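Note: the block below is start.tsv and it holds TSV, C-alpha atoms and all ligand atoms.
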chain	number	residue	atom	x	y	z
Y	1	MET	CA	4.25	-3.83	-4.70
Y	2	PRO	CA	1.10	-3.93	-2.59
Y	3	GLU	CA	-0.72	-0.59	-2.64
Y	4	GLY	CA	-3.11	1.02	-0.18
Y	5	ASP	CA	-6.12	-0.95	-1.41
Y	6	THR	CA	-4.33	-4.31	-1.04
Y	7	ILE	CA	-3.14	-3.45	2.47
Y	8	ARG	CA	-6.61	-2.31	3.47
Y	9	SER	CA	-8.29	-5.47	2.25
Y	10	ALA	CA	-5.64	-7.50	4.11
Y	11	ALA	CA	-6.35	-5.42	7.24
Y	12	ASN	CA	-10.08	-6.18	6.91
Y	13	ARG	CA	-9.38	-9.92	6.71
Y	14	ILE	CA	-6.85	-9.82	9.56
Y	15	GLY	CA	-9.27	-7.81	11.71
Y	16	ALA	CA	-12.11	-10.24	11.06
Y	17	ALA	CA	-9.88	-13.16	12.09
Y	18	LEU	CA	-8.22	-11.59	15.14
Y	19	ILE	CA	-10.09	-8.73	16.79
Y	20	GLY	CA	-11.40	-9.81	20.18
Y	21	ARG	CA	-10.39	-13.45	19.66
Y	22	ASP	CA	-8.28	-15.53	22.00
Y	23	ILE	CA	-4.83	-15.89	20.49
Y	24	GLU	CA	-3.28	-19.32	20.89
Y	25	SER	CA	0.23	-18.46	19.76
Y	26	ILE	CA	2.39	-15.79	18.21
Y	27	GLU	CA	5.62	-16.83	16.50
Y	28	THR	CA	8.34	-14.90	14.69
Y	29	PRO	CA	10.16	-17.66	12.78
Y	30	HIS	CA	12.45	-15.42	10.71
Y	31	PRO	CA	16.05	-15.41	12.00
Y	32	ARG	CA	16.08	-11.61	12.09
Y	33	HIS	CA	13.49	-11.76	14.86
Y	34	ALA	CA	14.84	-14.87	16.61
Y	35	LYS	CA	15.93	-12.92	19.67
Y	36	ASP	CA	12.85	-10.72	19.91
Y	37	ALA	CA	10.71	-11.19	22.99
Y	38	TRP	CA	7.43	-10.30	21.27
Y	39	PRO	CA	5.71	-13.62	21.70
Y	40	ASP	CA	6.21	-13.26	25.45
Y	41	GLN	CA	5.25	-9.58	25.50
Y	42	LEU	CA	2.09	-10.22	23.51
Y	43	ALA	CA	1.06	-13.45	25.22
Y	44	GLY	CA	-2.47	-13.30	26.60
Y	45	ARG	CA	-3.30	-9.99	24.88
Y	46	LYS	CA	-6.07	-9.63	22.33
Y	47	VAL	CA	-6.00	-7.54	19.16
Y	48	ARG	CA	-8.14	-4.41	19.63
Y	49	ALA	CA	-7.93	-2.97	16.12
Y	50	VAL	CA	-6.11	-3.22	12.80
Y	51	ASP	CA	-5.60	0.06	11.00
Y	52	VAL	CA	-3.90	1.25	7.86
Y	53	HIS	CA	-1.96	4.43	7.09
Y	54	GLY	CA	-1.04	4.52	3.41
Y	55	LYS	CA	0.84	1.24	3.01
Y	56	HIS	CA	1.61	0.82	6.73
Y	57	LEU	CA	-0.46	-1.67	8.71
Y	58	MET	CA	-0.79	-1.36	12.49
Y	59	MET	CA	-2.06	-4.22	14.61
Y	60	ARG	CA	-3.14	-2.77	17.98
Y	61	PHE	CA	-2.97	-5.12	20.97
Y	62	GLU	CA	-4.38	-4.69	24.44
Y	63	GLY	CA	-2.02	-2.94	26.81
Y	64	GLY	CA	-0.86	-0.24	24.40
Y	65	LEU	CA	1.33	-2.37	22.14
Y	66	THR	CA	1.31	-2.05	18.35
Y	67	LEU	CA	2.80	-4.32	15.70
Y	68	HIS	CA	3.85	-2.21	12.72
Y	69	SER	CA	4.23	-3.83	9.30
Y	70	HIS	CA	5.23	-2.57	5.85
Y	71	LEU	CA	5.46	-5.04	2.97
Y	72	ARG	CA	7.61	-2.92	0.60
Y	73	MET	CA	8.23	-4.84	-2.67
Y	74	THR	CA	8.31	-8.39	-1.34
Y	75	GLY	CA	5.95	-8.97	1.56
Y	76	ALA	CA	2.43	-10.37	1.70
Y	77	TRP	CA	-0.27	-11.12	4.26
Y	78	GLY	CA	-2.23	-14.34	4.35
Y	79	VAL	CA	-5.30	-15.22	6.43
Y	80	TYR	CA	-6.19	-18.91	6.40
Y	81	ARG	CA	-8.67	-21.21	8.08
Y	82	ARG	CA	-6.68	-23.51	10.36
Y	83	GLY	CA	-5.42	-26.50	8.40
Y	84	LYS	CA	-5.65	-24.79	4.98
Y	85	ARG	CA	-2.58	-24.58	2.78
Y	86	TRP	CA	-0.64	-21.29	2.80
Y	87	HIS	CA	0.07	-19.60	-0.54
Y	88	ARG	CA	3.76	-19.14	0.27
Y	89	GLY	CA	6.14	-21.59	1.92
Y	90	ALA	CA	6.29	-21.73	5.72
Y	91	TYR	CA	10.01	-20.91	5.57
Y	92	ARG	CA	9.03	-17.48	4.22
Y	93	ALA	CA	6.86	-16.63	7.23
Y	94	TRP	CA	8.05	-13.79	9.46
Y	95	LEU	CA	5.03	-13.70	11.73
Y	96	VAL	CA	2.44	-16.37	12.50
Y	97	ILE	CA	-0.55	-15.61	14.75
Y	98	ARG	CA	-2.91	-18.48	15.50
Y	99	THR	CA	-6.42	-18.55	16.91
Y	100	ALA	CA	-8.69	-21.57	17.21
Y	101	ASP	CA	-9.98	-20.82	13.69
Y	102	HIS	CA	-7.25	-18.98	11.76
Y	103	ASP	CA	-3.59	-18.63	10.88
Y	104	VAL	CA	-2.63	-15.02	10.15
Y	105	VAL	CA	0.77	-14.91	8.45
Y	106	GLN	CA	3.09	-12.17	7.25
Y	107	PHE	CA	5.43	-13.53	4.58
Y	108	ASP	CA	8.78	-12.14	3.48
Y	109	GLY	CA	8.81	-9.19	5.87
Y	110	PRO	CA	10.54	-6.94	5.43
Y	111	VAL	CA	9.36	-4.42	8.05
Y	112	LEU	CA	7.90	-5.84	11.22
Y	113	GLU	CA	8.37	-4.21	14.60
Y	114	LEU	CA	6.71	-4.02	17.97
Y	115	MET	CA	6.25	-0.55	19.42
Y	116	THR	CA	4.13	1.22	22.00
Y	117	ASP	CA	1.03	3.09	20.83
Y	118	GLY	CA	2.75	6.27	22.02
Y	119	ARG	CA	5.76	5.69	19.82
Y	120	SER	CA	3.60	4.80	16.84
Y	121	ARG	CA	1.94	8.23	17.12
Y	122	PHE	CA	5.27	10.00	16.90
Y	123	ASP	CA	7.02	7.70	14.44
Y	124	GLN	CA	8.63	9.88	11.78
Y	125	ARG	CA	7.80	7.55	8.90
Y	126	LEU	CA	4.12	7.79	9.80
Y	127	ALA	CA	4.13	11.48	10.73
Y	128	GLN	CA	5.54	12.39	7.33
Y	129	LEU	CA	2.85	10.56	5.36
Y	130	GLY	CA	0.66	12.65	3.11
Y	131	PRO	CA	-3.14	12.38	3.24
Y	132	ASP	CA	-4.42	8.82	2.83
Y	133	VAL	CA	-5.95	8.26	-0.60
Y	134	LEU	CA	-8.47	5.87	0.97
Y	135	ALA	CA	-9.50	8.06	3.91
Y	136	ASP	CA	-13.27	8.50	4.23
Y	137	GLU	CA	-12.78	12.15	3.30
Y	138	PHE	CA	-9.64	12.85	1.31
Y	139	ASP	CA	-7.73	15.92	2.51
Y	140	GLY	CA	-7.24	17.57	-0.88
Y	141	ALA	CA	-5.94	20.83	0.57
Y	142	ARG	CA	-3.11	19.03	2.37
Y	143	PHE	CA	-2.30	17.03	-0.78
Y	144	LEU	CA	-1.97	20.24	-2.84
Y	145	LEU	CA	0.13	21.85	-0.10
Y	146	ARG	CA	2.54	18.91	-0.21
Y	147	LEU	CA	2.70	19.00	-4.02
Y	148	HIS	CA	3.44	22.72	-3.98
Y	149	GLY	CA	6.26	22.07	-1.52
Y	150	ASP	CA	7.77	19.32	-3.68
Y	151	ASP	CA	10.45	19.83	-6.33
Y	152	ARG	CA	8.42	21.49	-9.10
Y	153	THR	CA	10.66	20.01	-11.81
Y	154	ARG	CA	9.79	16.50	-10.67
Y	155	THR	CA	7.57	14.45	-12.98
Y	156	LEU	CA	3.96	13.90	-11.92
Y	157	GLY	CA	4.31	10.10	-11.97
Y	158	GLU	CA	7.23	10.24	-9.57
Y	159	ALA	CA	5.49	12.72	-7.24
Y	160	LEU	CA	2.37	10.53	-7.02
Y	161	LEU	CA	4.48	7.63	-5.72
Y	162	ASP	CA	6.03	9.78	-2.98
Y	163	GLN	CA	4.10	8.78	0.14
Y	164	ARG	CA	4.75	12.25	1.63
Y	165	ASN	CA	2.49	13.75	-1.05
Y	166	VAL	CA	-0.29	11.18	-0.92
Y	167	ALA	CA	-0.23	7.90	1.00
Y	168	GLY	CA	-1.38	4.61	-0.47
Y	169	ILE	CA	-0.80	5.07	-4.21
Y	170	GLY	CA	1.67	2.76	-5.94
Y	171	ASN	CA	2.58	1.92	-9.49
Y	172	ILE	CA	-0.80	0.53	-10.53
Y	173	TRP	CA	-2.94	3.45	-9.38
Y	174	LYS	CA	-0.42	6.06	-10.42
Y	175	SER	CA	-0.66	4.79	-14.00
Y	176	GLU	CA	-4.40	4.19	-13.92
Y	177	GLY	CA	-5.17	7.56	-12.29
Y	178	CYS	CA	-3.17	9.55	-14.85
Y	179	PHE	CA	-4.87	7.63	-17.65
Y	180	ALA	CA	-8.38	8.14	-16.25
Y	181	ALA	CA	-7.75	11.88	-15.86
Y	182	GLY	CA	-6.16	12.12	-19.33
Y	183	ILE	CA	-2.92	13.55	-17.93
Y	184	ASN	CA	0.57	12.61	-19.08
Y	185	PRO	CA	2.59	11.25	-16.13
Y	186	TRP	CA	5.77	12.76	-17.62
Y	187	ARG	CA	4.58	16.32	-17.12
Y	188	ARG	CA	6.52	18.37	-14.59
Y	189	LEU	CA	4.71	19.31	-11.40
Y	190	ARG	CA	4.99	22.99	-12.32
Y	191	ASP	CA	2.87	22.25	-15.42
Y	192	VAL	CA	0.10	20.39	-13.54
Y	193	SER	CA	-2.80	22.48	-12.23
Y	194	ASP	CA	-4.44	21.87	-8.85
Y	195	ASP	CA	-7.63	20.73	-10.59
Y	196	GLU	CA	-5.69	18.22	-12.65
Y	197	ALA	CA	-3.89	16.82	-9.59
Y	198	LEU	CA	-7.21	16.45	-7.75
Y	199	ALA	CA	-8.85	14.86	-10.81
Y	200	ILE	CA	-6.32	12.01	-10.57
Y	201	ILE	CA	-7.23	11.38	-6.92
Y	202	ASP	CA	-10.95	11.58	-7.74
Y	203	ALA	CA	-10.42	9.01	-10.47
Y	204	VAL	CA	-8.54	6.46	-8.35
Y	205	ARG	CA	-10.43	6.68	-5.06
Y	206	PRO	CA	-13.63	4.86	-6.15
Y	207	ARG	CA	-11.60	2.28	-8.07
Y	208	MET	CA	-9.34	1.62	-5.09
Y	209	GLN	CA	-12.38	1.38	-2.81
Y	210	GLU	CA	-13.86	-1.14	-5.21
Y	211	SER	CA	-10.58	-3.04	-5.14
Y	212	VAL	CA	-10.65	-3.21	-1.32
Y	213	ALA	CA	-14.10	-4.77	-1.49
Y	214	ALA	CA	-13.21	-7.19	-4.31
Y	215	ASP	CA	-9.76	-7.96	-2.85
Y	216	PHE	CA	-8.00	-7.25	-6.16
Y	217	PRO	CA	-7.73	-4.39	-8.68
Y	218	LYS	CA	-10.26	-4.71	-11.51
Y	219	ASP	CA	-10.53	-3.40	-15.06
Y	220	LEU	CA	-7.02	-2.01	-15.40
Y	221	GLN	CA	-6.77	0.11	-18.56
Y	222	VAL	CA	-3.04	0.71	-19.00
Y	223	TYR	CA	-1.10	-0.97	-16.16
Y	224	ARG	CA	1.01	-3.80	-17.67
Y	225	ARG	CA	-0.84	-3.33	-20.96
Y	226	ASP	CA	2.07	-1.82	-22.88
Y	227	GLY	CA	1.98	-2.77	-26.55
Y	228	THR	CA	-1.80	-3.24	-26.54
Y	229	ARG	CA	-4.22	-0.61	-27.86
Y	230	CYS	CA	-5.51	2.24	-25.72
Y	231	PRO	CA	-9.18	1.55	-24.91
Y	232	ARG	CA	-10.00	5.22	-25.66
Y	233	CYS	CA	-8.06	6.06	-28.83
Y	234	GLN	CA	-6.46	2.78	-30.06
Y	235	THR	CA	-2.91	4.17	-29.85
Y	236	LYS	CA	-0.33	1.72	-28.50
Y	237	ILE	CA	0.14	1.95	-24.72
Y	238	ARG	CA	3.72	2.73	-23.78
Y	239	SER	CA	5.84	1.92	-20.71
Y	240	ARG	CA	9.07	3.29	-19.33
Y	241	GLY	CA	10.94	3.44	-16.01
Y	242	GLN	CA	10.44	6.74	-14.25
Y	243	GLY	CA	12.17	8.57	-11.43
Y	244	ASP	CA	15.09	7.68	-9.18
Y	245	ASP	CA	13.66	4.23	-8.47
Y	246	ASN	CA	12.94	3.58	-12.15
Y	247	ARG	CA	9.39	2.41	-11.43
Y	248	ILE	CA	7.62	1.56	-14.67
Y	249	THR	CA	4.91	3.95	-15.80
Y	250	TYR	CA	2.26	2.98	-18.36
Y	251	TRP	CA	0.49	5.63	-20.43
Y	252	CYS	CA	-1.15	6.46	-23.74
Y	253	PRO	CA	1.01	9.02	-25.59
Y	254	ARG	CA	-1.98	10.31	-27.56
Y	255	CYS	CA	-4.86	10.89	-25.15
Y	256	GLN	CA	-2.82	11.72	-22.05
Y	257	ARG	CA	-1.67	15.29	-22.43
L	1	ZN	ZN	-5.34	6.86	-25.82
As structure tokens, the full file:
Amino acid sequence: MPEGDTIRSAANRIGAALIGRDIESIETPHPRHAKDAWPDQLAGRKVRAVDVHGKHLMMRFEGGLTLHSHLRMTGAWGVYRRGKRWHRGAYRAWLVIRTADHDVVQFDGPVLELMTDGRSRFDQRLAQLGPDVLADEFDGARFLLRLHGDDRTRTLGEALLDQRNVAGIGNIWKSEGCFAAGINPWRRLRDVSDDEALAIIDAVRPRMQESVAADFPKDLQVYRRDGTRCPRCQTKIRSRGQGDDNRITYWCPRCQR
């Protein structure tokens, strides 16, 4: 699943291709959007900005219209020079925006909707988001407030994936953050101190920022490395599904306490 860093690097590429450019065409080829009138509503408008809230991407058009996208488990963005081959089949495209130089494509949905800027400000899904892990200044106080308000018997790994606690962290950075901070993701929230919770955020922020710049996560220590040796203590890395959604967590049973 794409995490905050992946969405942000996609937003940077989309912004570079679209902001202020003349748009030649906007198409929504997926049958679910066959009856939508977006292409007509957006015709002749330029993109003003592309911004990210956790894993939500907002493409802001002139005239107060916003395209909201969330990739969930399946979706992906592609930005291509015109004439270059796409990395997924055209039949998987939900949105295709063309300029003289680029194709900007959202593949495999699954959330794509046109709304007014006003509605996007009051959208419940966005209003409920916790502080953005990639914000210029992370709002640690609000993060701790949300954690304190969460079910205190919940495991740390599960709570870190809940976008109402902190927005933008997914399975990779949950596992990597707990490892970097030396904290066991199976601990209950009631047994995790504020300093420990903040240490996880402090550990992932620079790495996620680096990932935005590089366009992929680098130097992963435990994620998908189950069965190999821990780089710190040589114990075998373990993995197990965690929480209601059974998302796999990777951790070192020895040096993560
Ligand atoms: Zn270890």
Original post:
Counting all atoms listed in the file, which protein, DNA or RNA residues come within 7 Å of ligand ZN 1 (chain L), given as a ChimeraX atom specification?
Top reply: /Y:230-235,252-256
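Closest approach to Y:Gly54 among Y:Glu158, Y:Glu3, Y:Asp202, Y:Glu24: Y:Glu3, based on all atoms listed in the file.
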Hey, could you make a per-residue contact list for stretch 115-151 of chain Y against stretch 7-20 of chain Y with 12 Å as the cut-off, showing the nearest pair of atoms and its distance in Å to one decimal, counting all atoms listed in the file, sorted by chain and number, as a Markdown table?
| residue | atom | partner | partner_atom | distance |
| --- | --- | --- | --- | --- |
| Y:Asp132 | CA | Y:Arg8 | CA | 11.4 |
| Y:Val133 | CA | Y:Arg8 | CA | 11.3 |
| Y:Leu134 | CA | Y:Arg8 | CA | 8.8 |
| Y:Ala135 | CA | Y:Arg8 | CA | 10.8 |
Any chance you can output those residues with C-alpha atoms as a PDB file, in the frame of the given file?
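Okay, this is what ended up in selection-v8.pdb:
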ATOM      1  CA  ASP Y 132      -4.420   8.820   2.830  1.00  0.00           C
ATOM      2  CA  VAL Y 133      -5.950   8.260  -0.600  1.00  0.00           C
ATOM      3  CA  LEU Y 134      -8.470   5.870   0.970  1.00  0.00           C
ATOM      4  CA  ALA Y 135      -9.500   8.060   3.910  1.00  0.00           C
TER       5      ALA Y 135
END
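Residue nearest Y:Asp51, chosen from Y:Arg240, Y:His68, Y:Lys84, Y:Lys218 and counting all atoms listed in the file: Y:His68.
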Original post:
For Y:Asn246, which residue out of Y:Leu145, Y:Ala100, Y:Leu95, Y:Leu161 is the nearest one, using only C-alpha atoms?
Top reply: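 Ranking Y:Leu145, Y:Ala100, Y:Leu95, Y:Leu161 by distance to Y:Asn246, first place goes to Y:Leu161.
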Original post:
Distance atom CA of Y:Leu220-atom CA of Y:Tyr250, one decimal place?
Top reply: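 Separation between atom CA of Y:Leu220 and atom CA of Y:Tyr250: 10.9 Å.
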Original post:
Looking at Y:Asp40, Y:Asp162, Y:Asp150, Y:Asp103, which one is nearest to Y:Asp245, with distances taken over all atoms listed in the file?
Top reply: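 Result for the nearest residue to Y:Asp245: Y:Asp162.
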**OP:** Write out as a list in words each polymer residue whose atoms come within 12 Å of Y:Ala34, counting all atoms listed in the file; drop sequence neighbours fewer than 5 positions from it.
**Re:**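 Counting only the stated atoms, we get Glu27, Thr28, Pro29, Pro39, Trp94 and Leu95 of chain Y.
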Original post:
Out of Y:His87, Y:Arg142, Y:Arg164, Y:Arg32, which residue has the shortest atom-to-atom distance to Y:Leu198 when counting all atoms listed in the file?
Top reply: Y:Arg142
